[in-house]
Every structure is written in C-alpha cells, then in structure tokens.
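Here's the structure, in structure tokens; my notes come after.
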Amino acid sequence: MLNAHQQQILRLLIASHGMSRTEMAEKMKLSKAAISTLVKEMLHAGLLEESVPESNGQGRPSVLLKMRADSAYFLGASLLGEHVILVLIDMHGWVLAKTEMALNPDPQQLSAALAAAIPGLIAQKGISADQLIGLGVTLSGFVDENQAICVQSALLGWKNVPLAEMLKQQTGLDVSLENDAKALAVSEKIFGVAKKARNFTLISHGDGIGSAHFFQGQLHRGAHGGAGEIAHCTIEPGGRPCRCGKRGCLDTLASLTAIRESVRDKALEAQSIAELETLAVKGNSAAISILHQAGQALGLSIANIIQMNDPELIVIAHQPHAFDGLLKTVVMQSIDSHVLPSIMGKTPISTIDIHAESWARAAASVAAYRFIIQLPD
C-alpha cells in the first residue's frame with residue numbers, strides 16, 4: 001500500500017512528463033533525503049523508472065522519474081451501447097486489449113459475463129490476474145457517492161443496483177462505478193488534455209449531454225453523487241417535454257437526439273449532423289435555425305459554468321464530425337456573449353473526439369484514479 005507521500009509523487013508524475021528528485025522535493029516541501037527514500041522504495045516496487053533526457057549542451061541533465069507503464073493494469077467496462085466493451089489499460093492509459101459482448105441488462109448475468117471475459121482478455125497480453133489493480137464501470141445514470149450503487153439508469157432500467165459488490169464477488173477485484181461524463185473527465189485528467197489543470201469542466205455532447213467538474217485536482221461528485229447534471233438544467237421554461245419529466249431542459253434543445261428530432265420535424269433530408277451542416281452551408285434556413293438553437297443553448301450553459309466556476313479549462317467531448325462548422329461557431333459565440341466582458345475569452349476551450357472505446361477506457365481510468373489519486377482515509 002502506498003503512503004500519502006508516495007501517492008503525491010504519483011500525482012506529480014501524472015501531471016508532468018517526468019520530474020527530477022530536486023523538483024519533487026521543492027514541490028512537496030520535503031528534504032532531498034526523504035524524497036530519495038520514498039523514490040527508492042517505489043523504484044524497487046517497479047512503480048517508477050528513471051530516464052536521462054538528451055543533453056542540451058548546458059551541463060549534465062537531471063535524471064527524471066516517470067511511472068512505468070507496466071507497473072499496474074486496470075480494466076474498464078462500458079455499459080453505454082448495445083454491446084459491453086471491456087478493455088485493459090496500463091499505467092499510461094494505453095488500451096492494450098479489448099473485447100465485446102452483448103449487453104444483458106440483468107445485473108447478475110452481466111456480472112457473470114464480465115467475470116468470464118476477463119481471463120481471456122488479460123491472456124492476450126500475457127498478464128496475470130494478480131497484476132490487475134481494479135475494474136471501473138461506466139454507465140448512463142446516477143451513481144451513489146461511494147461509487148458502489150447505480151441509483152438509477154433509464155437506459156439499463158436499473159434502480160438501486162449494487163453492481164460494484166456483485167462484480168467484486170464475481171471477479172475478486174476492487175470495483176468502481178461511475179457516470180459516463182465523470183468517467184470521461186477522470187480519463188482526461190490523468191491521461192488526456194486536462195493533465196495539468198486543477199480546475200476544469202468536461203462537457204460530453206452526444207445523444208445526451210453530460211458534464212463533470214474537477215476542483216483543486218479532485219473530481220466533484222456532490223453530496224449524493226449527482227453533481228454535473230447539466231442536461232436537465234432548464235434553458236427554455238415551458239419548452240419541450242424532457243424524458244426527466246420537466247420541460248425545456250438543455251437535453252431537449254442541444255443534444256444530438258434533440259437535433260435529429262428537429263430535423264424530422266422540419267422534414268429535412270439529413271441523416272447526420274455533417275449532412276445538416278452541409279445543408280446550412282447551402283443556405284437552408286431550417287438547417288441554420290436548428291443548429292443556431294442547439295448551439296445557443298449549449299453555449300449559454302457553458303457560459304453559466306464559466307461564470308460560476310471560473311475554470312482553467314473547458315473540454316468539449318463530441319462524436320466525430322458532429323461538432324464542426326456552424327454548430328461549433330454558434331456555441332463559441334454564445335459562450336462569449338453570455339459571460340462578463342472582463343472574463344470573455346480567458347477560458348481555453350479544447351475539443352476532443354470520442355468513440356465507443358473511449359467510454360471503456362474512461363471506465364478503466366476511474367479504477368486507475370481510485371488507485372493513484374485518492375488518498376487513504
């Protein structure tokens with residue numbers, strides 16, 4: 001078990017491309033001797049490795065410490081589509097192996113199927129079961145604050161399902177459940193574009209819309225695990241009915257599902273967002289109106305987050321070719337027009353493509369995050 005200082009060393013290395021012992025001592029306010037003792041134990045345990053950067057001609061370069069990719073392995077399962085995607089990742093977040101299976105929504109049968117798939121998956125890379133640290137599972141819905149129970153998932157038809165314990169009994173692994181957007185934010189924090197950001201928000205834009213927030217380097221889950229439900233913030237009072245039972249939610253205006261519904265309502269010949277964008281470029285007023293409505297609503301919501309939280313970074317995760325052209329332009333314009341002039345343009349906005357495998361990798365990242373980031377009580 002790593003102690004608090006050793007976990008802090010891992011956190012520093014996650015946010016860097018390598019760090020010298022001297023830099024660590026300065027950041028952690030410990031003596032070089034204390035750092036050397038901690039690092040020696042971690043090198044012996046196979047968690048870290050040393051590398052010497054190329055000389056720049058200005059003296060002998062410092063030895064840098066990095067995490068070893070093969071120091072630990074994590075599993076991640078995505079329950080977001082018609083198939084379960086199960087992946088194996090290393091300590092650097094690389095997907096080493098993947099398998100898929102039909103999604104059986106019965107929790108007990110699902111747990112048994114996942115457990116049965118693990119030996120074959122890790123055998124692809126010659127990894128033994130004792131090298132696995134944990135299993136993360138991502139789903140669409142509410143997860144309790146202990147990441148153990150799916151409180152509710154409309155997609156799976158679940159209420160208060162203790163999936164983490166069921167999977168632990170089947171696999172023997174430490175299991176963490178997480179909402180899809182929060183899992184993706186964790187993935188970007190430890191392996192992606194938000195590595196160096198302590199305060200950032202991720203927005204996932206797809207058939208539904210999600211968000212997640214990191215404050216002071218920690219995922220903000222809220223008192224009951226429900227922080228970040230941007231999809232069901234009211235943007236248009238009295239607007240379209242939402243599946244949550246309210247009206248005028250962001251989901252009813254800006255999600256890909258809402259956009260497709262508007263396309264059908266207008267009887268437009270567009271089978272994808274890319275085709276809708278093409279119609280807009282050709283001057284189709286209905287297509288332009290649909291993209292403007294969605295972009296303005298999403299931009300307003302992001303502007304409100306910037307106004308309230310003042311994050312270092314906003315990450316918008318979207319499906320390929322579904323956040324280009326007019327939609328993206330309107331979102332950016334809407335953000336700028338709804339924040340105070342004094343902070344307009346000061347929050348960097350990154351966009352990333354997401355694929356089906358991204359969610360499974362994000363789930364595995366949740367297991368890695370639990371191991372690396374969270375200090376023991």
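As shown in the structure tokens, the chain order sets the letters A, B, ...; within each chain, residues go from 1, and ligands are also counted from 1 in the order they appear.
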All strand (DSSP E) positions in stretch 18-148 of chain A, as a ChimeraX atom specification
/A:48-51,64-67,73-78,83-90,95-102,132-139,142-143
Show which residues sit within 12 Å of A:Ala274, as number ranges by chain. Count only C-alpha atoms, and ignore same-chain residues fewer than 4 positions away.
A: 256, 259-260, 269-270, 278-281, 287, 291, 319-327
With all heavy atoms retained, could you export that selection as a compact mmCIF listing (two decimals), in the first residue's frame?
# COMPACT_ATOMS: atom_id res chain seq x y z
N LEU A 256 -27.73 15.60 -29.55
CA LEU A 256 -27.87 15.08 -30.91
C LEU A 256 -29.25 14.48 -31.13
O LEU A 256 -29.81 14.56 -32.23
CB LEU A 256 -26.79 14.02 -31.19
CG LEU A 256 -25.34 14.51 -31.19
CD1 LEU A 256 -24.40 13.39 -31.61
CD2 LEU A 256 -25.15 15.73 -32.09
N ILE A 259 -31.50 17.40 -31.85
CA ILE A 259 -31.23 17.91 -33.20
C ILE A 259 -31.87 17.01 -34.25
O ILE A 259 -32.50 17.48 -35.20
CB ILE A 259 -29.71 18.05 -33.43
CG1 ILE A 259 -29.14 19.16 -32.54
CG2 ILE A 259 -29.42 18.36 -34.91
CD1 ILE A 259 -27.62 19.26 -32.57
N ARG A 260 -31.74 15.70 -34.07
CA ARG A 260 -32.35 14.77 -35.02
C ARG A 260 -33.87 14.89 -35.02
O ARG A 260 -34.52 14.81 -36.07
CB ARG A 260 -31.93 13.33 -34.69
CG ARG A 260 -30.50 13.00 -35.08
CD ARG A 260 -30.24 11.51 -35.04
NE ARG A 260 -30.32 10.99 -33.68
CZ ARG A 260 -29.26 10.83 -32.89
NH1 ARG A 260 -28.05 11.16 -33.32
NH2 ARG A 260 -29.40 10.33 -31.68
N GLU A 269 -33.79 16.48 -45.39
CA GLU A 269 -33.11 15.28 -45.87
C GLU A 269 -31.67 15.30 -45.36
O GLU A 269 -30.73 15.63 -46.09
CB GLU A 269 -33.16 15.21 -47.39
CG GLU A 269 -34.56 15.00 -47.94
CD GLU A 269 -34.58 14.84 -49.45
OE1 GLU A 269 -33.49 14.82 -50.05
OE2 GLU A 269 -35.68 14.73 -50.02
N ALA A 270 -31.51 14.97 -44.10
CA ALA A 270 -30.19 14.91 -43.48
C ALA A 270 -30.18 13.74 -42.51
O ALA A 270 -30.99 13.69 -41.59
CB ALA A 270 -29.89 16.22 -42.75
N THR A 278 -24.00 20.58 -44.00
CA THR A 278 -23.90 20.83 -45.44
C THR A 278 -25.11 21.62 -45.94
O THR A 278 -24.96 22.56 -46.75
CB THR A 278 -23.78 19.50 -46.21
OG1 THR A 278 -22.60 18.82 -45.80
CG2 THR A 278 -23.72 19.73 -47.72
N LEU A 279 -26.29 21.25 -45.45
CA LEU A 279 -27.49 22.00 -45.83
C LEU A 279 -27.39 23.45 -45.37
O LEU A 279 -27.80 24.38 -46.09
CB LEU A 279 -28.73 21.35 -45.21
CG LEU A 279 -29.19 20.02 -45.81
CD1 LEU A 279 -30.41 19.48 -45.03
CD2 LEU A 279 -29.56 20.18 -47.28
N ALA A 280 -26.85 23.65 -44.16
CA ALA A 280 -26.72 25.02 -43.64
C ALA A 280 -25.77 25.84 -44.51
O ALA A 280 -26.03 27.02 -44.80
CB ALA A 280 -26.23 24.97 -42.19
N VAL A 281 -24.66 25.22 -44.94
CA VAL A 281 -23.69 25.91 -45.80
C VAL A 281 -24.35 26.33 -47.11
O VAL A 281 -24.04 27.39 -47.67
CB VAL A 281 -22.47 25.00 -46.06
CG1 VAL A 281 -21.60 25.59 -47.17
CG2 VAL A 281 -21.66 24.82 -44.79
N ALA A 287 -32.18 24.36 -41.58
CA ALA A 287 -30.96 23.76 -41.03
C ALA A 287 -30.18 24.76 -40.19
O ALA A 287 -29.69 24.44 -39.10
CB ALA A 287 -30.08 23.24 -42.17
N LEU A 291 -29.37 24.44 -36.02
CA LEU A 291 -28.01 24.50 -35.49
C LEU A 291 -27.82 25.71 -34.59
O LEU A 291 -27.12 25.63 -33.57
CB LEU A 291 -27.00 24.52 -36.64
CG LEU A 291 -26.92 23.21 -37.44
CD1 LEU A 291 -26.12 23.41 -38.72
CD2 LEU A 291 -26.32 22.09 -36.60
N GLN A 319 -18.84 13.45 -30.62
CA GLN A 319 -18.69 12.39 -31.61
C GLN A 319 -18.00 12.95 -32.86
O GLN A 319 -18.12 14.14 -33.16
CB GLN A 319 -20.06 11.80 -31.97
CG GLN A 319 -20.72 11.10 -30.79
CD GLN A 319 -22.07 10.51 -31.16
OE1 GLN A 319 -22.47 10.49 -32.32
NE2 GLN A 319 -22.79 10.03 -30.16
N PRO A 320 -17.27 12.10 -33.58
CA PRO A 320 -16.56 12.59 -34.79
C PRO A 320 -17.51 13.25 -35.78
O PRO A 320 -18.60 12.75 -36.03
CB PRO A 320 -15.96 11.30 -35.37
CG PRO A 320 -15.84 10.37 -34.21
CD PRO A 320 -17.01 10.68 -33.32
N HIS A 321 -17.09 14.39 -36.30
CA HIS A 321 -17.82 15.14 -37.34
C HIS A 321 -19.19 15.63 -36.85
O HIS A 321 -20.05 15.96 -37.67
CB HIS A 321 -18.01 14.28 -38.60
CG HIS A 321 -16.77 13.60 -39.06
ND1 HIS A 321 -15.65 14.31 -39.46
CD2 HIS A 321 -16.45 12.29 -39.17
CE1 HIS A 321 -14.70 13.46 -39.80
NE2 HIS A 321 -15.15 12.23 -39.63
N ALA A 322 -19.39 15.70 -35.54
CA ALA A 322 -20.68 16.15 -35.01
C ALA A 322 -20.55 17.46 -34.24
O ALA A 322 -21.50 17.88 -33.59
CB ALA A 322 -21.29 15.08 -34.11
N PHE A 323 -19.39 18.09 -34.32
CA PHE A 323 -19.23 19.37 -33.63
C PHE A 323 -18.32 20.27 -34.47
O PHE A 323 -17.37 20.85 -33.99
CB PHE A 323 -18.65 19.16 -32.23
CG PHE A 323 -18.76 20.37 -31.34
CD1 PHE A 323 -20.00 20.77 -30.85
CD2 PHE A 323 -17.65 21.12 -31.00
CE1 PHE A 323 -20.11 21.89 -30.03
CE2 PHE A 323 -17.75 22.24 -30.18
CZ PHE A 323 -18.98 22.62 -29.70
N ASP A 324 -18.64 20.34 -35.73
CA ASP A 324 -17.86 21.16 -36.65
C ASP A 324 -18.77 22.24 -37.24
O ASP A 324 -19.97 22.27 -37.01
CB ASP A 324 -17.28 20.29 -37.78
CG ASP A 324 -16.39 19.18 -37.26
OD1 ASP A 324 -15.57 19.45 -36.38
OD2 ASP A 324 -16.54 18.03 -37.74
N GLY A 325 -18.19 23.10 -38.01
CA GLY A 325 -18.98 24.06 -38.78
C GLY A 325 -19.80 25.02 -37.93
O GLY A 325 -19.34 25.55 -36.91
N LEU A 326 -21.05 25.23 -38.35
CA LEU A 326 -21.91 26.24 -37.75
C LEU A 326 -22.20 25.95 -36.28
O LEU A 326 -22.23 26.87 -35.45
CB LEU A 326 -23.21 26.35 -38.54
CG LEU A 326 -24.20 27.43 -38.07
CD1 LEU A 326 -23.56 28.81 -38.12
CD2 LEU A 326 -25.47 27.39 -38.92
N LEU A 327 -22.43 24.69 -35.93
CA LEU A 327 -22.75 24.36 -34.53
C LEU A 327 -21.65 24.83 -33.60
O LEU A 327 -21.91 25.51 -32.61
CB LEU A 327 -22.98 22.86 -34.38
CG LEU A 327 -23.28 22.37 -32.96
CD1 LEU A 327 -24.56 23.00 -32.42
CD2 LEU A 327 -23.37 20.85 -32.91
What's around A:His355 at 12 Å? Count only C-alpha atoms, leave out sequence neighbours fewer than 5 positions away in its own chain, and write the answer as a PyMOL selection string.
chain A and resi 78+80-81+85+184+204-206+317-322+360-362
Residue list (alpha helix (DSSP H), DSSP) for stretch 227-329 of chain A, as a ChimeraX atom specification
/A:251-254,256-265,273-281,285-309,325-329
Residue subset to file, keeping N, CA and C atoms, as a compact mmCIF listing (two decimals), in the first residue's frame:
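The result, written out as again16.txt:
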# COMPACT_ATOMS: atom_id res chain seq x y z
N ASP A 251 -31.07 19.16 -22.64
CA ASP A 251 -31.13 17.95 -23.48
C ASP A 251 -32.16 18.06 -24.60
N THR A 252 -33.25 18.78 -24.35
CA THR A 252 -34.32 18.88 -25.35
C THR A 252 -34.00 19.87 -26.45
N LEU A 253 -32.90 20.61 -26.28
CA LEU A 253 -32.54 21.66 -27.23
C LEU A 253 -31.24 21.39 -27.97
N ALA A 254 -30.25 20.81 -27.27
CA ALA A 254 -28.90 20.79 -27.82
C ALA A 254 -28.30 19.40 -28.01
N LEU A 256 -27.73 15.60 -29.55
CA LEU A 256 -27.87 15.08 -30.91
C LEU A 256 -29.25 14.48 -31.13
N THR A 257 -29.82 13.91 -30.06
CA THR A 257 -31.18 13.38 -30.16
C THR A 257 -32.17 14.50 -30.47
N ALA A 258 -32.03 15.63 -29.77
CA ALA A 258 -32.92 16.77 -30.00
C ALA A 258 -32.73 17.34 -31.40
N ILE A 259 -31.50 17.40 -31.85
CA ILE A 259 -31.23 17.91 -33.20
C ILE A 259 -31.87 17.01 -34.25
N ARG A 260 -31.74 15.70 -34.07
CA ARG A 260 -32.35 14.77 -35.02
C ARG A 260 -33.87 14.89 -35.02
N GLU A 261 -34.46 15.11 -33.84
CA GLU A 261 -35.91 15.30 -33.77
C GLU A 261 -36.33 16.55 -34.52
N SER A 262 -35.56 17.62 -34.40
CA SER A 262 -35.86 18.85 -35.12
C SER A 262 -35.73 18.65 -36.63
N VAL A 263 -34.75 17.85 -37.03
CA VAL A 263 -34.58 17.55 -38.46
C VAL A 263 -35.81 16.82 -38.99
N ARG A 264 -36.30 15.86 -38.21
CA ARG A 264 -37.51 15.12 -38.63
C ARG A 264 -38.73 16.05 -38.67
N ASP A 265 -38.83 16.91 -37.66
CA ASP A 265 -39.97 17.84 -37.62
C ASP A 265 -40.00 18.76 -38.84
N ILE A 273 -25.36 14.83 -38.56
CA ILE A 273 -25.07 16.24 -38.28
C ILE A 273 -24.23 16.83 -39.41
N ALA A 274 -23.33 16.02 -39.97
CA ALA A 274 -22.50 16.51 -41.08
C ALA A 274 -23.36 16.91 -42.27
N GLU A 275 -24.39 16.11 -42.55
CA GLU A 275 -25.29 16.44 -43.67
C GLU A 275 -26.13 17.67 -43.34
N LEU A 276 -26.50 17.82 -42.08
CA LEU A 276 -27.23 19.02 -41.67
C LEU A 276 -26.35 20.26 -41.83
N GLU A 277 -25.08 20.13 -41.49
CA GLU A 277 -24.15 21.24 -41.66
C GLU A 277 -24.01 21.60 -43.14
N THR A 278 -24.00 20.58 -44.00
CA THR A 278 -23.90 20.83 -45.44
C THR A 278 -25.11 21.62 -45.94
N LEU A 279 -26.29 21.25 -45.45
CA LEU A 279 -27.49 22.00 -45.83
C LEU A 279 -27.39 23.45 -45.37
N ALA A 280 -26.85 23.65 -44.16
CA ALA A 280 -26.72 25.02 -43.64
C ALA A 280 -25.77 25.84 -44.51
N VAL A 281 -24.66 25.22 -44.94
CA VAL A 281 -23.69 25.91 -45.80
C VAL A 281 -24.35 26.33 -47.11
N SER A 285 -32.51 27.56 -44.58
CA SER A 285 -32.85 28.33 -43.38
C SER A 285 -33.26 27.44 -42.22
N ALA A 286 -33.94 26.33 -42.49
CA ALA A 286 -34.36 25.42 -41.42
C ALA A 286 -33.14 24.78 -40.76
N ALA A 287 -32.18 24.36 -41.58
CA ALA A 287 -30.96 23.76 -41.03
C ALA A 287 -30.18 24.76 -40.19
N ILE A 288 -30.10 25.99 -40.70
CA ILE A 288 -29.40 27.05 -39.96
C ILE A 288 -30.09 27.30 -38.62
N SER A 289 -31.42 27.34 -38.63
CA SER A 289 -32.18 27.59 -37.41
C SER A 289 -31.96 26.49 -36.37
N ILE A 290 -31.97 25.24 -36.81
CA ILE A 290 -31.77 24.10 -35.89
C ILE A 290 -30.40 24.18 -35.24
N LEU A 291 -29.37 24.44 -36.02
CA LEU A 291 -28.01 24.50 -35.49
C LEU A 291 -27.82 25.71 -34.59
N HIS A 292 -28.48 26.81 -34.93
CA HIS A 292 -28.41 28.01 -34.08
C HIS A 292 -29.08 27.75 -32.73
N GLN A 293 -30.25 27.12 -32.75
CA GLN A 293 -30.95 26.86 -31.50
C GLN A 293 -30.12 25.96 -30.58
N ALA A 294 -29.55 24.89 -31.14
CA ALA A 294 -28.75 23.96 -30.34
C ALA A 294 -27.47 24.63 -29.84
N GLY A 295 -26.80 25.35 -30.73
CA GLY A 295 -25.55 25.99 -30.36
C GLY A 295 -25.71 27.07 -29.31
N GLN A 296 -26.77 27.86 -29.44
CA GLN A 296 -27.01 28.92 -28.45
C GLN A 296 -27.32 28.34 -27.07
N ALA A 297 -28.10 27.27 -27.03
CA ALA A 297 -28.45 26.65 -25.74
C ALA A 297 -27.23 26.04 -25.08
N LEU A 298 -26.43 25.31 -25.85
CA LEU A 298 -25.24 24.69 -25.27
C LEU A 298 -24.23 25.75 -24.84
N GLY A 299 -24.05 26.77 -25.67
CA GLY A 299 -23.13 27.85 -25.32
C GLY A 299 -23.56 28.60 -24.07
N LEU A 300 -24.86 28.83 -23.93
CA LEU A 300 -25.37 29.50 -22.73
C LEU A 300 -25.06 28.68 -21.49
N SER A 301 -25.26 27.38 -21.57
CA SER A 301 -25.00 26.51 -20.42
C SER A 301 -23.52 26.52 -20.04
N ILE A 302 -22.66 26.47 -21.04
CA ILE A 302 -21.23 26.50 -20.76
C ILE A 302 -20.83 27.86 -20.19
N ALA A 303 -21.41 28.93 -20.71
CA ALA A 303 -21.13 30.27 -20.19
C ALA A 303 -21.51 30.38 -18.72
N ASN A 304 -22.63 29.76 -18.34
CA ASN A 304 -23.05 29.80 -16.94
C ASN A 304 -22.04 29.06 -16.05
N ILE A 305 -21.50 27.96 -16.56
CA ILE A 305 -20.48 27.23 -15.80
C ILE A 305 -19.23 28.08 -15.63
N ILE A 306 -18.81 28.73 -16.72
CA ILE A 306 -17.64 29.61 -16.64
C ILE A 306 -17.89 30.74 -15.66
N GLN A 307 -19.09 31.31 -15.72
CA GLN A 307 -19.42 32.43 -14.85
C GLN A 307 -19.42 32.01 -13.38
N MET A 308 -19.90 30.81 -13.10
CA MET A 308 -20.00 30.35 -11.70
C MET A 308 -18.68 29.79 -11.17
N ASN A 309 -17.94 29.04 -12.00
CA ASN A 309 -16.77 28.30 -11.50
C ASN A 309 -15.42 28.88 -11.91
N GLY A 325 -18.19 23.10 -38.01
CA GLY A 325 -18.98 24.06 -38.78
C GLY A 325 -19.80 25.02 -37.93
N LEU A 326 -21.05 25.23 -38.35
CA LEU A 326 -21.91 26.24 -37.75
C LEU A 326 -22.20 25.95 -36.28
N LEU A 327 -22.43 24.69 -35.93
CA LEU A 327 -22.75 24.36 -34.53
C LEU A 327 -21.65 24.83 -33.60
N LYS A 328 -20.43 24.49 -33.92
CA LYS A 328 -19.30 24.89 -33.07
C LYS A 328 -19.16 26.41 -33.04
N THR A 329 -19.32 27.05 -34.20
CA THR A 329 -19.20 28.51 -34.27
C THR A 329 -20.23 29.18 -33.37
Each stretch 177-234 of chain A residue no farther than 12 Å from stretch 340-351 of chain A, nearest pair in Å, only C-alpha atoms, as a tab-separated table:
residue	atom	partner	partner_atom	distance
A:Glu188	CA	A:Ser350	CA	11.1
A:Gly192	CA	A:Ser350	CA	11.0
A:Val193	CA	A:Ser350	CA	7.9
A:Ala194	CA	A:Ser350	CA	9.3
A:Ala197	CA	A:Pro348	CA	11.0
A:Asn199	CA	A:Thr347	CA	11.1
A:Phe200	CA	A:Thr347	CA	9.6
A:Thr201	CA	A:Ile349	CA	9.8
A:Leu202	CA	A:Ser350	CA	9.4
A:Ile203	CA	A:Thr351	CA	9.4
A:Ser204	CA	A:Thr351	CA	9.9
A:His205	CA	A:Thr351	CA	10.4
Write out as an NGL selection string each polymer residue whose atoms come within 8 Å of stretch 109-112 of chain A, counting only C-alpha atoms; drop sequence neighbours fewer than 3 positions from it.
:A and (103-106 or 115-116 or 163 or 166-167 or 170)
Deliver the residues from the most recent selection as a file, using N, CA and C atoms, as a short mmCIF file (atom, residue, chain, number, x, y, z; two decimals), in the first residue's frame.
data_model
loop_
_atom_site.label_atom_id
_atom_site.label_comp_id
_atom_site.auth_asym_id
_atom_site.auth_seq_id
_atom_site.Cartn_x
_atom_site.Cartn_y
_atom_site.Cartn_z
N LEU A 103 -24.93 -6.87 -24.40
CA LEU A 103 -25.31 -6.30 -23.11
C LEU A 103 -26.58 -6.97 -22.60
N ASN A 104 -26.44 -7.74 -21.55
CA ASN A 104 -27.58 -8.33 -20.84
C ASN A 104 -27.86 -7.45 -19.64
N PRO A 105 -29.00 -6.76 -19.59
CA PRO A 105 -29.25 -5.81 -18.51
C PRO A 105 -29.52 -6.44 -17.15
N ASP A 106 -29.63 -7.77 -17.10
CA ASP A 106 -29.79 -8.41 -15.79
C ASP A 106 -28.46 -8.30 -15.03
N ALA A 115 -17.03 -11.26 -15.62
CA ALA A 115 -16.03 -12.06 -14.92
C ALA A 115 -15.48 -13.15 -15.84
N ALA A 116 -16.34 -13.75 -16.63
CA ALA A 116 -15.91 -14.83 -17.52
C ALA A 116 -15.02 -14.32 -18.65
N LEU A 163 -24.11 -2.92 -8.09
CA LEU A 163 -23.31 -3.62 -9.09
C LEU A 163 -21.86 -3.80 -8.66
N MET A 166 -21.57 -6.85 -6.52
CA MET A 166 -21.85 -8.04 -7.32
C MET A 166 -20.64 -8.41 -8.18
N LEU A 167 -20.02 -7.40 -8.78
CA LEU A 167 -18.85 -7.65 -9.61
C LEU A 167 -17.64 -8.06 -8.76
N GLN A 170 -17.80 -11.64 -8.05
CA GLN A 170 -17.54 -12.47 -9.22
C GLN A 170 -16.07 -12.43 -9.66
#
For A:Pro162, the nearest of the candidates A:Asn3, A:Ala185, A:Lys66, A:Val143, counting only C-alpha atoms
A:Val143
From the set A:Leu47, A:Ala148, A:Ala77, A:Met28, which residue has the shortest atom-to-atom contact distance to A:Ser176, counting only C-alpha atoms?
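Selected residue with least distance to A:Ser176: A:Ala148.
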Option closest in space to A:Glu236, from A:Ser128, A:Ala267, A:Cys249, A:Ala102 [counting only C-alpha atoms]:
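Checking each candidate against A:Glu236, we get A:Cys249 as the closest.
With distances taken over only C-alpha atoms, A:Leu135 is the one residue among A:Leu43, A:Ala34, A:Leu135, A:Ala212 lying closest to A:Gly76.
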Can you pull out the residues contacting A:Val95? Cut-off 12 Å, using only C-alpha atoms, and skip same-chain residues under 5 positions away; I want them as a ChimeraX atom specification.
/A:69,73-76,85-90,121-122,125,191,357-365
Filtering to C-alpha atoms, could you give me those residues as an mmCIF file, in the first residue's frame?
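What ended up in again-v4.cif:
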data_model
loop_
_atom_site.group_PDB
_atom_site.id
_atom_site.type_symbol
_atom_site.label_atom_id
_atom_site.label_comp_id
_atom_site.auth_asym_id
_atom_site.auth_seq_id
_atom_site.Cartn_x
_atom_site.Cartn_y
_atom_site.Cartn_z
ATOM 1 C CA ALA A 69 3.604 1.687 -17.956
ATOM 2 C CA TYR A 73 -3.069 -2.643 -15.056
ATOM 3 C CA PHE A 74 -6.732 -1.722 -14.929
ATOM 4 C CA LEU A 75 -9.936 -2.967 -16.542
ATOM 5 C CA GLY A 76 -12.803 -0.839 -17.784
ATOM 6 C CA ILE A 85 -16.958 -3.061 -24.276
ATOM 7 C CA LEU A 86 -14.270 -4.329 -21.889
ATOM 8 C CA VAL A 87 -10.697 -3.017 -22.143
ATOM 9 C CA LEU A 88 -7.358 -3.470 -20.426
ATOM 10 C CA ILE A 89 -5.135 -0.408 -19.924
ATOM 11 C CA ASP A 90 -1.690 0.166 -18.468
ATOM 12 C CA LEU A 121 -8.719 -10.574 -22.200
ATOM 13 C CA ILE A 122 -5.627 -10.379 -19.989
ATOM 14 C CA LYS A 125 -1.072 -9.649 -23.290
ATOM 15 C CA PHE A 191 -4.243 10.651 -19.248
ATOM 16 C CA GLU A 357 -13.888 2.592 -26.940
ATOM 17 C CA SER A 358 -13.381 5.974 -25.263
ATOM 18 C CA TRP A 359 -16.027 5.163 -22.656
ATOM 19 C CA ALA A 360 -14.461 1.823 -21.734
ATOM 20 C CA ARG A 361 -11.036 3.475 -21.422
ATOM 21 C CA ALA A 362 -12.673 6.123 -19.259
ATOM 22 C CA ALA A 363 -14.106 3.382 -17.037
ATOM 23 C CA ALA A 364 -10.639 1.873 -16.613
ATOM 24 C CA SER A 365 -9.351 5.360 -15.821
#
Select, from A:Leu155, A:Ile316, A:Met67, A:Ile235, the residue with the minimum atom-to-atom distance to A:Glu49, counting only C-alpha atoms.
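Result for the nearest residue to A:Glu49: A:Met67.
Taking atom CA of A:Leu268 as the reference point, atom CA of A:Arg243 is found at 24.1 Å.
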Have a look at A:Ala227, A:Leu48, A:Val315, A:Val366 and name the one nearest to A:Ile133; count only C-alpha atoms.
A:Val366
So what do you get for atom CA of A:Ile14 versus atom CA of A:Gly46, distance-wise?
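Separation between atom CA of A:Ile14 and atom CA of A:Gly46: 16.1 Å.
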Separation of atom CA of A:Arg221 from atom CA of A:Gln108, in Å and rounded to one decimal
26.6 Å
